[in-house]
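For reference, model-v6.txt (compact mmCIF, C-alpha atoms):
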```
# COMPACT_ATOMS: atom_id res chain seq x y z
CA MET G 15 18.43 -103.91 64.92
CA LYS G 16 15.32 -102.87 66.76
CA GLU G 17 15.22 -103.61 70.48
CA SER G 18 11.95 -104.74 71.94
CA ALA G 19 10.75 -103.24 75.17
CA THR G 20 10.75 -105.74 78.01
CA LEU G 21 9.25 -105.52 81.43
CA ARG G 22 11.66 -106.00 84.27
CA PRO G 23 10.46 -108.90 86.37
CA ILE G 24 9.62 -108.07 89.93
CA ALA G 25 10.66 -110.52 92.61
CA LEU G 26 7.77 -111.90 94.59
CA HIS G 27 7.50 -110.52 98.07
CA PRO G 28 8.01 -113.21 100.66
CA VAL G 29 4.66 -114.76 101.47
CA GLU G 30 4.90 -116.10 105.01
CA VAL G 31 1.89 -117.87 106.46
CA ASP G 32 1.03 -119.76 109.61
CA PRO G 33 0.62 -123.16 107.89
CA TRP G 34 -1.71 -124.51 110.57
CA ARG G 35 -4.14 -121.59 110.32
CA PHE G 36 -3.76 -121.54 106.51
CA CYS G 37 -5.02 -125.14 106.35
CA LYS G 38 -7.67 -124.89 109.10
CA ASP G 39 -9.17 -121.80 107.46
CA ALA G 40 -8.96 -123.38 103.95
CA GLN G 41 -7.02 -120.37 102.72
CA SER G 42 -5.44 -120.21 99.28
CA TRP G 43 -2.73 -118.22 97.53
CA GLU G 44 -2.02 -118.01 93.84
CA THR G 45 0.16 -116.07 91.46
CA ARG G 46 1.06 -115.97 87.80
CA SER G 47 4.65 -114.75 87.66
CA ASP G 48 7.71 -114.69 85.47
CA VAL G 49 10.20 -117.37 86.52
CA THR G 50 12.73 -114.68 87.39
CA ALA G 51 10.42 -113.61 90.23
CA PHE G 52 11.41 -116.83 92.04
CA PRO G 53 15.04 -116.37 93.16
CA ARG G 54 16.04 -120.06 93.09
CA LEU G 55 14.14 -120.86 89.89
CA ALA G 56 15.72 -117.94 88.03
CA HIS G 57 18.97 -119.97 88.08
CA GLU G 58 17.30 -122.93 86.35
CA PHE G 59 15.01 -121.34 83.76
CA THR G 60 16.00 -118.81 81.11
CA GLN G 61 12.46 -117.53 80.61
CA GLY G 62 8.81 -118.40 81.07
CA THR G 63 5.82 -117.91 83.28
CA LEU G 64 4.52 -120.08 86.09
CA PHE G 65 1.01 -120.28 87.49
CA CYS G 66 1.13 -121.34 91.14
CA ARG G 67 -1.60 -122.18 93.63
CA VAL G 68 -1.37 -123.37 97.24
CA GLN G 69 -4.62 -124.42 98.93
CA GLY G 70 -4.93 -125.30 102.62
CA ARG G 71 -7.14 -128.27 103.49
CA VAL G 72 -8.40 -130.39 106.35
CA ASN G 73 -9.44 -133.96 105.50
CA GLN G 74 -12.14 -136.09 107.16
CA ARG G 75 -9.63 -137.43 109.72
CA GLY G 76 -8.55 -133.90 110.66
CA SER G 77 -5.17 -134.09 108.93
CA LEU G 78 -3.95 -130.75 107.60
CA SER G 79 -2.48 -130.54 104.12
CA LEU G 80 -1.36 -128.15 101.44
CA GLN G 81 -2.41 -128.80 97.84
CA VAL G 82 0.42 -127.41 95.68
CA MET G 83 -0.08 -126.86 91.95
CA VAL G 84 2.47 -125.28 89.60
CA SER G 85 2.29 -125.22 85.82
CA GLY G 86 3.85 -123.30 83.00
CA ASP G 87 5.95 -123.32 79.87
CA VAL G 88 9.55 -122.28 80.47
CA GLU G 89 12.93 -122.49 78.78
CA MET G 90 15.98 -124.25 80.15
CA THR G 91 19.49 -124.67 78.82
CA CYS G 92 20.22 -128.01 77.17
CA GLN G 93 23.26 -129.54 78.87
CA ARG G 94 24.34 -131.19 75.60
CA CYS G 95 24.30 -128.22 73.17
CA LEU G 96 23.87 -125.28 75.61
CA ASN G 97 20.99 -123.89 73.53
CA PRO G 98 17.60 -123.01 74.99
CA MET G 99 14.96 -125.71 74.98
CA PRO G 100 11.28 -125.69 75.97
CA TYR G 101 10.27 -127.42 79.17
CA ARG G 102 6.79 -127.91 80.64
CA VAL G 103 6.49 -127.59 84.42
CA GLU G 104 3.64 -129.63 85.90
CA VAL G 105 3.58 -130.12 89.67
CA GLU G 106 0.57 -131.29 91.63
CA ARG G 107 1.20 -132.56 95.13
CA THR G 108 -0.52 -132.85 98.44
CA LEU G 109 1.79 -132.24 101.38
CA TYR G 110 0.60 -133.19 104.86
CA LEU G 111 1.78 -131.06 107.78
CA ALA G 112 3.76 -132.71 110.56
CA ARG G 113 4.49 -131.06 113.92
CA ASN G 114 7.60 -133.12 114.69
CA GLU G 115 9.92 -135.72 113.24
CA ALA G 116 7.97 -138.69 114.60
CA GLU G 117 4.78 -137.45 112.95
CA LEU G 118 6.73 -136.74 109.76
CA GLU G 119 8.00 -140.32 109.63
CA ARG G 120 4.52 -141.69 110.32
CA LEU G 121 2.95 -139.61 107.53
CA ASP G 122 5.75 -140.37 105.06
CA ALA G 123 5.27 -144.11 105.68
CA LEU G 124 1.66 -143.98 104.46
CA PRO G 125 1.13 -144.99 100.81
CA ASP G 126 0.98 -142.05 98.38
CA SER G 127 1.70 -139.60 101.18
CA ASP G 128 4.20 -136.76 101.28
CA ALA G 129 4.73 -134.69 104.39
CA ILE G 130 6.68 -131.66 105.52
CA GLN G 131 7.60 -130.65 109.02
CA ALA G 132 6.03 -127.26 109.55
CA GLY G 133 6.74 -124.71 112.23
CA GLU G 134 4.89 -121.52 113.04
CA SER G 135 5.74 -119.92 109.70
CA LEU G 136 6.03 -121.21 106.14
CA SER G 137 7.22 -119.37 103.03
CA LEU G 138 4.89 -120.21 100.16
CA VAL G 139 7.39 -118.89 97.59
CA GLU G 140 10.09 -121.21 98.96
CA LEU G 141 7.60 -124.09 99.06
CA ILE G 142 6.82 -123.55 95.36
CA GLU G 143 10.54 -123.36 94.54
CA ASP G 144 11.23 -126.58 96.48
CA GLU G 145 8.48 -128.51 94.71
CA VAL G 146 9.53 -127.33 91.23
CA LEU G 147 13.23 -128.02 91.88
CA LEU G 148 12.47 -131.53 93.19
CA GLY G 149 10.65 -132.32 89.94
CA LEU G 150 13.43 -131.25 87.57
CA PRO G 151 15.56 -133.80 85.71
CA VAL G 152 19.19 -134.09 86.79
CA ALA G 153 20.46 -133.11 83.32
CA VAL G 154 18.12 -131.36 80.92
CA MET G 155 18.75 -132.26 77.29
CA HIS G 156 17.01 -132.22 73.95
CA PRO G 157 15.97 -135.72 72.91
CA GLU G 158 18.75 -137.66 71.18
CA GLY G 159 19.23 -136.35 67.64
CA GLU G 160 17.28 -133.13 68.19
CA CYS G 161 20.07 -130.88 69.46
CA PRO G 162 20.67 -128.08 66.96
CA ALA G 163 24.42 -128.23 67.61
```

Could you write out this structure as structure tokens?
Amino acid sequence: MKESATLRPIALHPVEVDPWRFCKDAQSWETRSDVTAFPRLAHEFTQGTLFCRVQGRVNQRGSLSLQVMVSGDVEMTCQRCLNPMPYRVEVERTLYLARNEAELERLDALPDSDAIQAGESLSLVELIEDEVLLGLPVAVMHPEGECPA
């Protein structure tokens, strides 16, 4: 049996930003990385690649937000048959920055608004992981009747 050469995935270096400056300066960060480069996602996905982008923004009212976009085709383990199954990751969210809990509650109460309480530093890798993990189903399974087992 011939073994194929594989590249060892490299973990992403922590990307810490000042979220307030990141948004005010309309900065952006993006990466295309193997899922194993994200420590917490490597436990969920067996293989695949994710394209991630975080864009800082200021709206007309002066509110600061992060536009988070993650997409990619990955494999997960079916909880019914324990075989790999394809899964499409699609995350697109706008997260408003809140300085304190009162502001967080106010922003979260607005329709179609999501907010995070941000300090002086924010890990973009952890933000990406959080958003992907929040979007995953509780139990991943092939559709009924499609499990190979």

inquiry  = Report, in Å with one decimal, the straight-line distance from CA of Thr45 in chain G to CA of Gly86 in chain G.
reply    = 11.7 Å

request  = Could you tell me which of G:Gly62, G:Gly70, G:Pro125, G:Pro100 comes closest to Asp48 in chain G if we count all atoms listed in the file?
outcome  = G:Gly62

key: Long-range neighbours of Asp128 in chain G as a ChimeraX atom specification, 9 Å cut-off, all atoms listed in the file, 2 positions minimum in chain   = /G:107-111,118,121-126,130

Return as JSON the centre and edge lengths, in Å with one decimal, of the box along x, y and z that encloses every atom of range 135-142 of chain G in the file, padded by 5 Å per side.
```
{"center_x": 7.5, "center_y": -121.5, "center_z": 102.5, "size_x": 15.2, "size_y": 15.2, "size_z": 24.3}
```

inquiry  = Using only C-alpha atoms, can you tell me which of G:Arg75, G:Ala40, G:Phe65, G:Arg94 comes closest to Glu158 in chain G?
reply    =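 Using only C-alpha atoms, Glu158 in chain G sits closest to G:Arg94.
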
remark   = Between CA of Asn114 in chain G and CA of Gln41 in chain G lies a distance of 22.8 Å
